[in-house]
Amino acid sequence: MPRWSRRLLALATIGACGISPISRDIHGGDHAVLGTGPSYGPATVSAVPNLAAMSTLLWVPGLDDGWNPQGLAVVEGSLLISAYQSDRFGANRGPCRVFRVDPGNGRETGHFDVPPPCGHAGGLAYDGGGKLYITDTHTLFEVDLKNAFTDPVPAFRIFPLGPELRGALAASGRGEIWIGNYEEDRPGKIFKFDRGVLDRLPNRAVLSEGSASVAAIIPSYVQGAAVAASGKLWVSRSEIGWGVLEELDLASGRVGRRYPVPGGIEGISFDGGGQIWAASEAGARHNRLVSPFFPVIFRLNIDRLALPY
């Protein structure tokens, strides 16, 4: 079934189930949505699984202008969000941008544009050494984070991805980044690339599977990934109508823990406190007619996650 058909089916299913809404101006502690909300859409955001485990809720930046969140990285006390611009249902490519957001109040503190051929900024990764990586379906972009938000036109190194790689998602690591493939009807793959390999790669050179130090199988429908301090890989899996967060053992491929989370969940990243930040595109402008309505960046307290499958 085409992806847009599944989304329409999810809309019908969720409407029939009567998912309850929560107020946009939620008062009462942990459930206040901070930042600038969109002018379109309903007067409420939807109730979602494991809302009680969310200690912070922030509006995705740029919603009125059609920006759709994809990748997420927690870097130097800020949240970085990669996005592409589209306000038309079914149009899943457009100009790419990286936003910087204050996690304390949800305010945008800067942004920069990613040059063509970027059209779907599906993943975002930080190598811990000052370099930020943005993955498009067929291209990897590298930028020096020190100058990215200050230079009028940041300088990028650009690497086409080999035929076996697709930059649907990315994860940060210490001296490494991870790039993963998205698959719908079969398992995908994720690859680890060490910083030294990327540093030695000439600009415009093809990045291939053979340069990876680790290759692992991941489930279908993976939209984001993050590596915990324990070495376990966490992945977010979703369509607009459903979302799941899973802890994987890379060696065995087994799922350790699994929790329901908001539909449309995309990129995820651990912060210094060991908690997970995530973003959902459910309710972004080109999906505004599809339930749930939850275009939010949120922090999940792992110890408070409930309702495991």
# chains A, B, ... in the order shown; residues from 1 in each chain; ligands from 1

$ select_by_dssp --residues "segment 103-234 of chain A" --states "strand (DSSP E or B)" --output "PDB file with N, CA and C atoms, in the first residue's frame"
ATOM      1  N   GLU A 108      13.528  29.327  18.919  1.00  0.00           N
ATOM      2  CA  GLU A 108      14.562  29.125  17.910  1.00  0.00           C
ATOM      3  C   GLU A 108      15.686  30.123  18.155  1.00  0.00           C
ATOM      4  N   THR A 109      16.926  29.640  18.204  1.00  0.00           N
ATOM      5  CA  THR A 109      18.079  30.509  18.434  1.00  0.00           C
ATOM      6  C   THR A 109      18.985  30.606  17.214  1.00  0.00           C
ATOM      7  N   GLY A 110      18.581  30.044  16.104  1.00  0.00           N
ATOM      8  CA  GLY A 110      19.354  30.139  14.877  1.00  0.00           C
ATOM      9  C   GLY A 110      18.968  29.050  13.903  1.00  0.00           C
ATOM     10  N   HIS A 111      19.360  29.216  12.658  1.00  0.00           N
ATOM     11  CA  HIS A 111      19.177  28.176  11.657  1.00  0.00           C
ATOM     12  C   HIS A 111      20.145  28.413  10.503  1.00  0.00           C
ATOM     13  N   PHE A 112      20.375  27.376   9.716  1.00  0.00           N
ATOM     14  CA  PHE A 112      21.120  27.518   8.473  1.00  0.00           C
ATOM     15  C   PHE A 112      20.534  26.569   7.443  1.00  0.00           C
ATOM     16  N   ASP A 113      20.698  26.919   6.178  1.00  0.00           N
ATOM     17  CA  ASP A 113      20.168  26.117   5.083  1.00  0.00           C
ATOM     18  C   ASP A 113      21.218  25.141   4.577  1.00  0.00           C
ATOM     19  N   VAL A 114      20.753  23.975   4.167  1.00  0.00           N
ATOM     20  CA  VAL A 114      21.606  22.942   3.599  1.00  0.00           C
ATOM     21  C   VAL A 114      21.464  23.012   2.085  1.00  0.00           C
ATOM     22  N   GLY A 123      18.220  12.736   8.520  1.00  0.00           N
ATOM     23  CA  GLY A 123      18.977  12.423   9.718  1.00  0.00           C
ATOM     24  C   GLY A 123      19.958  13.511  10.080  1.00  0.00           C
ATOM     25  N   LEU A 124      20.326  13.547  11.355  1.00  0.00           N
ATOM     26  CA  LEU A 124      21.252  14.543  11.877  1.00  0.00           C
ATOM     27  C   LEU A 124      22.154  13.849  12.887  1.00  0.00           C
ATOM     28  N   ALA A 125      23.466  14.059  12.775  1.00  0.00           N
ATOM     29  CA  ALA A 125      24.407  13.401  13.683  1.00  0.00           C
ATOM     30  C   ALA A 125      25.567  14.330  13.994  1.00  0.00           C
ATOM     31  N   TYR A 126      26.053  14.250  15.234  1.00  0.00           N
ATOM     32  CA  TYR A 126      27.199  15.029  15.689  1.00  0.00           C
ATOM     33  C   TYR A 126      28.281  14.055  16.108  1.00  0.00           C
ATOM     34  N   LYS A 131      31.998  18.542  14.195  1.00  0.00           N
ATOM     35  CA  LYS A 131      31.407  18.375  12.867  1.00  0.00           C
ATOM     36  C   LYS A 131      29.972  17.863  12.989  1.00  0.00           C
ATOM     37  N   LEU A 132      29.091  18.509  12.244  1.00  0.00           N
ATOM     38  CA  LEU A 132      27.689  18.101  12.185  1.00  0.00           C
ATOM     39  C   LEU A 132      27.423  17.493  10.817  1.00  0.00           C
ATOM     40  N   TYR A 133      26.651  16.409  10.806  1.00  0.00           N
ATOM     41  CA  TYR A 133      26.349  15.706   9.563  1.00  0.00           C
ATOM     42  C   TYR A 133      24.845  15.667   9.344  1.00  0.00           C
ATOM     43  N   ILE A 134      24.441  15.993   8.108  1.00  0.00           N
ATOM     44  CA  ILE A 134      23.039  15.938   7.714  1.00  0.00           C
ATOM     45  C   ILE A 134      22.928  14.894   6.609  1.00  0.00           C
ATOM     46  N   THR A 135      22.005  13.945   6.776  1.00  0.00           N
ATOM     47  CA  THR A 135      21.836  12.911   5.761  1.00  0.00           C
ATOM     48  C   THR A 135      20.588  13.184   4.932  1.00  0.00           C
ATOM     49  N   THR A 139      22.778  11.507  -0.131  1.00  0.00           N
ATOM     50  CA  THR A 139      23.913  12.410   0.064  1.00  0.00           C
ATOM     51  C   THR A 139      24.149  12.669   1.550  1.00  0.00           C
ATOM     52  N   LEU A 140      25.432  12.765   1.936  1.00  0.00           N
ATOM     53  CA  LEU A 140      25.820  13.144   3.287  1.00  0.00           C
ATOM     54  C   LEU A 140      26.471  14.528   3.225  1.00  0.00           C
ATOM     55  N   PHE A 141      26.044  15.427   4.130  1.00  0.00           N
ATOM     56  CA  PHE A 141      26.565  16.785   4.188  1.00  0.00           C
ATOM     57  C   PHE A 141      27.297  16.970   5.513  1.00  0.00           C
ATOM     58  N   GLU A 142      28.486  17.561   5.460  1.00  0.00           N
ATOM     59  CA  GLU A 142      29.278  17.839   6.659  1.00  0.00           C
ATOM     60  C   GLU A 142      29.502  19.337   6.772  1.00  0.00           C
ATOM     61  N   VAL A 143      29.323  19.881   7.993  1.00  0.00           N
ATOM     62  CA  VAL A 143      29.540  21.308   8.231  1.00  0.00           C
ATOM     63  C   VAL A 143      30.217  21.483   9.575  1.00  0.00           C
ATOM     64  N   ASP A 144      31.090  22.476   9.660  1.00  0.00           N
ATOM     65  CA  ASP A 144      31.744  22.824  10.922  1.00  0.00           C
ATOM     66  C   ASP A 144      30.725  23.557  11.782  1.00  0.00           C
ATOM     67  N   PHE A 156      30.227  23.608   3.252  1.00  0.00           N
ATOM     68  CA  PHE A 156      29.890  22.193   3.422  1.00  0.00           C
ATOM     69  C   PHE A 156      30.887  21.323   2.657  1.00  0.00           C
ATOM     70  N   ARG A 157      31.128  20.146   3.206  1.00  0.00           N
ATOM     71  CA  ARG A 157      31.692  19.069   2.414  1.00  0.00           C
ATOM     72  C   ARG A 157      30.542  18.119   2.092  1.00  0.00           C
ATOM     73  N   ILE A 158      30.525  17.627   0.865  1.00  0.00           N
ATOM     74  CA  ILE A 158      29.384  16.859   0.378  1.00  0.00           C
ATOM     75  C   ILE A 158      29.876  15.515  -0.151  1.00  0.00           C
ATOM     76  N   PHE A 159      29.230  14.433   0.329  1.00  0.00           N
ATOM     77  CA  PHE A 159      29.624  13.084  -0.061  1.00  0.00           C
ATOM     78  C   PHE A 159      28.415  12.330  -0.614  1.00  0.00           C
ATOM     79  N   PRO A 160      28.416  11.986  -1.883  1.00  0.00           N
ATOM     80  CA  PRO A 160      27.354  11.091  -2.386  1.00  0.00           C
ATOM     81  C   PRO A 160      27.429   9.748  -1.661  1.00  0.00           C
ATOM     82  N   LEU A 161      26.289   9.148  -1.430  1.00  0.00           N
ATOM     83  CA  LEU A 161      26.238   7.850  -0.773  1.00  0.00           C
ATOM     84  C   LEU A 161      26.241   6.741  -1.819  1.00  0.00           C
ATOM     85  N   LEU A 169      18.151   8.093   8.067  1.00  0.00           N
ATOM     86  CA  LEU A 169      18.255   8.442   9.484  1.00  0.00           C
ATOM     87  C   LEU A 169      19.719   8.458   9.874  1.00  0.00           C
ATOM     88  N   ALA A 170      20.008   9.083  11.020  1.00  0.00           N
ATOM     89  CA  ALA A 170      21.386   9.168  11.481  1.00  0.00           C
ATOM     90  C   ALA A 170      21.394   9.195  13.002  1.00  0.00           C
ATOM     91  N   ALA A 171      22.540   8.840  13.576  1.00  0.00           N
ATOM     92  CA  ALA A 171      22.719   8.849  15.030  1.00  0.00           C
ATOM     93  C   ALA A 171      24.105   9.371  15.355  1.00  0.00           C
ATOM     94  N   SER A 172      24.206  10.052  16.498  1.00  0.00           N
ATOM     95  CA  SER A 172      25.471  10.623  16.950  1.00  0.00           C
ATOM     96  C   SER A 172      26.245   9.619  17.781  1.00  0.00           C
ATOM     97  N   GLY A 173      27.572   9.781  17.783  1.00  0.00           N
ATOM     98  CA  GLY A 173      28.413   8.945  18.620  1.00  0.00           C
ATOM     99  C   GLY A 173      29.687   9.679  18.984  1.00  0.00           C
ATOM    100  N   GLU A 176      32.234   9.229  15.992  1.00  0.00           N
ATOM    101  CA  GLU A 176      31.595   8.401  14.968  1.00  0.00           C
ATOM    102  C   GLU A 176      30.206   8.937  14.672  1.00  0.00           C
ATOM    103  N   ILE A 177      29.687   8.529  13.542  1.00  0.00           N
ATOM    104  CA  ILE A 177      28.273   8.741  13.249  1.00  0.00           C
ATOM    105  C   ILE A 177      27.700   7.448  12.690  1.00  0.00           C
ATOM    106  N   TRP A 178      26.384   7.346  12.752  1.00  0.00           N
ATOM    107  CA  TRP A 178      25.676   6.184  12.218  1.00  0.00           C
ATOM    108  C   TRP A 178      24.705   6.655  11.143  1.00  0.00           C
ATOM    109  N   ILE A 179      24.618   5.899  10.065  1.00  0.00           N
ATOM    110  CA  ILE A 179      23.694   6.205   8.974  1.00  0.00           C
ATOM    111  C   ILE A 179      22.840   4.967   8.720  1.00  0.00           C
ATOM    112  N   GLY A 180      21.517   5.152   8.655  1.00  0.00           N
ATOM    113  CA  GLY A 180      20.623   4.014   8.508  1.00  0.00           C
ATOM    114  C   GLY A 180      19.693   4.116   7.321  1.00  0.00           C
ATOM    115  N   GLY A 188      15.802  -3.064   7.834  1.00  0.00           N
ATOM    116  CA  GLY A 188      16.777  -2.156   7.246  1.00  0.00           C
ATOM    117  C   GLY A 188      18.163  -2.442   7.785  1.00  0.00           C
ATOM    118  N   LYS A 189      19.104  -1.545   7.489  1.00  0.00           N
ATOM    119  CA  LYS A 189      20.474  -1.672   7.973  1.00  0.00           C
ATOM    120  C   LYS A 189      20.944  -0.326   8.508  1.00  0.00           C
ATOM    121  N   ILE A 190      21.893  -0.386   9.454  1.00  0.00           N
ATOM    122  CA  ILE A 190      22.528   0.819   9.955  1.00  0.00           C
ATOM    123  C   ILE A 190      24.033   0.589   9.965  1.00  0.00           C
ATOM    124  N   PHE A 191      24.806   1.643   9.650  1.00  0.00           N
ATOM    125  CA  PHE A 191      26.249   1.536   9.487  1.00  0.00           C
ATOM    126  C   PHE A 191      26.941   2.588  10.350  1.00  0.00           C
ATOM    127  N   LYS A 192      28.042   2.187  10.998  1.00  0.00           N
ATOM    128  CA  LYS A 192      28.842   3.127  11.789  1.00  0.00           C
ATOM    129  C   LYS A 192      30.068   3.548  10.989  1.00  0.00           C
ATOM    130  N   PHE A 193      30.302   4.869  10.942  1.00  0.00           N
ATOM    131  CA  PHE A 193      31.466   5.420  10.257  1.00  0.00           C
ATOM    132  C   PHE A 193      32.302   6.200  11.268  1.00  0.00           C
ATOM    133  N   ASP A 194      33.565   5.827  11.410  1.00  0.00           N
ATOM    134  CA  ASP A 194      34.454   6.484  12.353  1.00  0.00           C
ATOM    135  C   ASP A 194      34.877   7.849  11.829  1.00  0.00           C
ATOM    136  N   LEU A 207      30.836   7.901  -0.337  1.00  0.00           N
ATOM    137  CA  LEU A 207      30.919   7.140   0.906  1.00  0.00           C
ATOM    138  C   LEU A 207      30.224   5.804   0.693  1.00  0.00           C
ATOM    139  N   VAL A 214      31.082  -0.865  11.427  1.00  0.00           N
ATOM    140  CA  VAL A 214      30.040  -1.751  11.938  1.00  0.00           C
ATOM    141  C   VAL A 214      28.852  -1.683  10.997  1.00  0.00           C
ATOM    142  N   ALA A 215      28.233  -2.818  10.730  1.00  0.00           N
ATOM    143  CA  ALA A 215      26.975  -2.882   9.993  1.00  0.00           C
ATOM    144  C   ALA A 215      26.026  -3.766  10.788  1.00  0.00           C
ATOM    145  N   ALA A 216      24.797  -3.325  10.968  1.00  0.00           N
ATOM    146  CA  ALA A 216      23.842  -4.076  11.781  1.00  0.00           C
ATOM    147  C   ALA A 216      22.455  -4.004  11.166  1.00  0.00           C
ATOM    148  N   ILE A 217      21.652  -5.004  11.466  1.00  0.00           N
ATOM    149  CA  ILE A 217      20.274  -5.057  10.999  1.00  0.00           C
ATOM    150  C   ILE A 217      19.384  -4.287  11.973  1.00  0.00           C
ATOM    151  N   ILE A 218      18.456  -3.520  11.431  1.00  0.00           N
ATOM    152  CA  ILE A 218      17.457  -2.820  12.235  1.00  0.00           C
ATOM    153  C   ILE A 218      16.072  -3.194  11.715  1.00  0.00           C
ATOM    154  N   VAL A 222      12.043   2.130  10.714  1.00  0.00           N
ATOM    155  CA  VAL A 222      12.878   2.924  11.618  1.00  0.00           C
ATOM    156  C   VAL A 222      13.056   4.326  11.034  1.00  0.00           C
ATOM    157  N   GLN A 223      12.772   5.341  11.859  1.00  0.00           N
ATOM    158  CA  GLN A 223      12.858   6.738  11.446  1.00  0.00           C
ATOM    159  C   GLN A 223      14.012   7.479  12.114  1.00  0.00           C
ATOM    160  N   GLY A 224      14.479   6.980  13.269  1.00  0.00           N
ATOM    161  CA  GLY A 224      15.558   7.636  13.985  1.00  0.00           C
ATOM    162  C   GLY A 224      16.302   6.646  14.844  1.00  0.00           C
ATOM    163  N   ALA A 225      17.508   7.026  15.296  1.00  0.00           N
ATOM    164  CA  ALA A 225      18.322   6.133  16.117  1.00  0.00           C
ATOM    165  C   ALA A 225      19.192   6.950  17.051  1.00  0.00           C
ATOM    166  N   ALA A 226      19.546   6.352  18.188  1.00  0.00           N
ATOM    167  CA  ALA A 226      20.424   6.987  19.162  1.00  0.00           C
ATOM    168  C   ALA A 226      21.172   5.905  19.912  1.00  0.00           C
ATOM    169  N   VAL A 227      22.441   6.184  20.220  1.00  0.00           N
ATOM    170  CA  VAL A 227      23.275   5.221  20.934  1.00  0.00           C
ATOM    171  C   VAL A 227      23.355   5.633  22.391  1.00  0.00           C
ATOM    172  N   LEU A 233      21.593   0.342  21.129  1.00  0.00           N
ATOM    173  CA  LEU A 233      21.030   1.228  20.115  1.00  0.00           C
ATOM    174  C   LEU A 233      19.526   1.326  20.325  1.00  0.00           C
ATOM    175  N   TRP A 234      19.029   2.543  20.454  1.00  0.00           N
ATOM    176  CA  TRP A 234      17.593   2.782  20.510  1.00  0.00           C
ATOM    177  C   TRP A 234      17.127   3.281  19.154  1.00  0.00           C
TER     178      TRP A 234
END

$ residues_around --residues "Leu300 of chain A" --least-positions-apart "6" --cutoff "6 Å" --atoms "only C-alpha atoms" --output "PyMOL selection string"
chain A and resi 53-54+276

$ write_last_selection --atoms "N, CA and C atoms" --output "PDB file, in the first residue's frame"
ATOM      1  N   ALA A  53       5.408  10.345  30.631  1.00  0.00           N
ATOM      2  CA  ALA A  53       6.865  10.217  30.703  1.00  0.00           C
ATOM      3  C   ALA A  53       7.591  11.405  30.092  1.00  0.00           C
ATOM      4  N   MET A  54       6.828  12.374  29.558  1.00  0.00           N
ATOM      5  CA  MET A  54       7.436  13.523  28.898  1.00  0.00           C
ATOM      6  C   MET A  54       7.597  14.663  29.890  1.00  0.00           C
ATOM      7  N   ILE A 276      15.962  10.696  26.547  1.00  0.00           N
ATOM      8  CA  ILE A 276      15.823  10.761  25.095  1.00  0.00           C
ATOM      9  C   ILE A 276      14.990  11.971  24.689  1.00  0.00           C
TER      10      ILE A 276
END

$ atom_distance --atom1 "atom CA of Ser39 of chain A" --atom2 "atom CA of Pro260 of chain A"
28.4 Å

$ select_by_dssp --residues "segment 72-185 of chain A" --states "helix (DSSP H, G or I)" --output "list in words"
Leu145, Lys146, Asn147 and Ala148 of chain A

$ write_last_selection --atoms "C-alpha atoms" --output "PDB file, in the first residue's frame"
ATOM      1  CA  LEU A 145      29.313  23.528  13.733  1.00  0.00           C
ATOM      2  CA  LYS A 146      31.410  26.419  15.080  1.00  0.00           C
ATOM      3  CA  ASN A 147      30.595  28.533  12.019  1.00  0.00           C
ATOM      4  CA  ALA A 148      27.358  26.980  10.813  1.00  0.00           C
TER       5      ALA A 148
END

$ closest_residue --among "A:Ser213, A:Asn203, A:Thr44, A:Thr36" --to "Ile297 of chain A" --atoms "only C-alpha atoms"
A:Thr36

$ residues_around --residues "Ile302 of chain A" --least-positions-apart "6" --cutoff "12 Å" --atoms "only C-alpha atoms" --output "PyMOL selection string"
chain A and resi 50-55+228+234+245-247+257-259+261+270-271+273-277+308

$ write_last_selection --atoms "N, CA and C atoms" --output "CSV table (one decimal), in the first residue's frame"
chain,number,residue,atom,x,y,z
A,50,ASN,N,2.3,7.5,26.4
A,50,ASN,CA,3.4,7.8,27.3
A,50,ASN,C,3.6,9.3,27.5
A,51,LEU,N,2.5,10.1,27.4
A,51,LEU,CA,2.6,11.5,27.7
A,51,LEU,C,3.1,11.7,29.1
A,52,ALA,N,2.8,10.9,30.0
A,52,ALA,CA,3.2,11.1,31.4
A,52,ALA,C,4.7,11.0,31.6
A,53,ALA,N,5.4,10.3,30.6
A,53,ALA,CA,6.9,10.2,30.7
A,53,ALA,C,7.6,11.4,30.1
A,54,MET,N,6.8,12.4,29.6
A,54,MET,CA,7.4,13.5,28.9
A,54,MET,C,7.6,14.7,29.9
A,55,SER,N,8.8,15.1,30.1
A,55,SER,CA,9.1,16.1,31.1
A,55,SER,C,9.1,17.5,30.4
A,228,ALA,N,23.0,4.7,23.3
A,228,ALA,CA,23.0,5.0,24.7
A,228,ALA,C,24.4,4.8,25.3
A,234,TRP,N,19.0,2.5,20.5
A,234,TRP,CA,17.6,2.8,20.5
A,234,TRP,C,17.1,3.3,19.2
A,245,LEU,N,9.2,3.0,20.4
A,245,LEU,CA,10.6,3.2,20.7
A,245,LEU,C,11.1,1.9,21.2
A,246,GLU,N,12.2,1.4,20.6
A,246,GLU,CA,12.8,0.1,20.9
A,246,GLU,C,14.3,0.2,21.3
A,247,GLU,N,14.7,-0.6,22.2
A,247,GLU,CA,16.1,-0.8,22.6
A,247,GLU,C,16.6,-2.1,21.9
A,257,ARG,N,13.8,-3.6,25.2
A,257,ARG,CA,12.6,-2.9,25.7
A,257,ARG,C,11.8,-2.3,24.5
A,258,ARG,N,10.5,-2.2,24.6
A,258,ARG,CA,9.7,-1.6,23.6
A,258,ARG,C,8.5,-0.8,24.2
A,259,TYR,N,8.4,0.4,23.7
A,259,TYR,CA,7.3,1.2,24.3
A,259,TYR,C,6.6,2.0,23.2
A,261,VAL,N,4.9,5.2,21.6
A,261,VAL,CA,5.2,6.7,21.7
A,261,VAL,C,4.4,7.4,20.6
A,270,PHE,N,20.1,11.1,22.7
A,270,PHE,CA,20.2,11.2,24.2
A,270,PHE,C,20.8,12.5,24.6
A,271,ASP,N,20.4,13.0,25.8
A,271,ASP,CA,21.1,14.2,26.4
A,271,ASP,C,22.1,13.7,27.4
A,273,GLY,N,21.9,13.8,30.5
A,273,GLY,CA,21.3,13.1,31.7
A,273,GLY,C,20.8,11.7,31.3
A,274,GLY,N,21.1,11.3,30.1
A,274,GLY,CA,20.6,9.9,29.8
A,274,GLY,C,19.2,9.8,29.4
A,275,GLN,N,18.5,10.9,29.1
A,275,GLN,CA,17.1,10.8,28.7
A,275,GLN,C,17.1,11.1,27.1
A,276,ILE,N,16.0,10.7,26.5
A,276,ILE,CA,15.8,10.8,25.1
A,276,ILE,C,15.0,12.0,24.7
A,277,TRP,N,15.5,12.7,23.7
A,277,TRP,CA,14.7,13.8,23.1
A,277,TRP,C,14.3,13.2,21.7
A,308,PRO,N,4.6,-1.1,28.1
A,308,PRO,CA,5.4,-1.8,27.1
A,308,PRO,C,4.6,-2.9,26.4

$ closest_residue --among "A:Ser236, A:Thr56, A:Ser211, A:Thr150" --to "Arg195 of chain A" --atoms "only C-alpha atoms"
A:Ser211
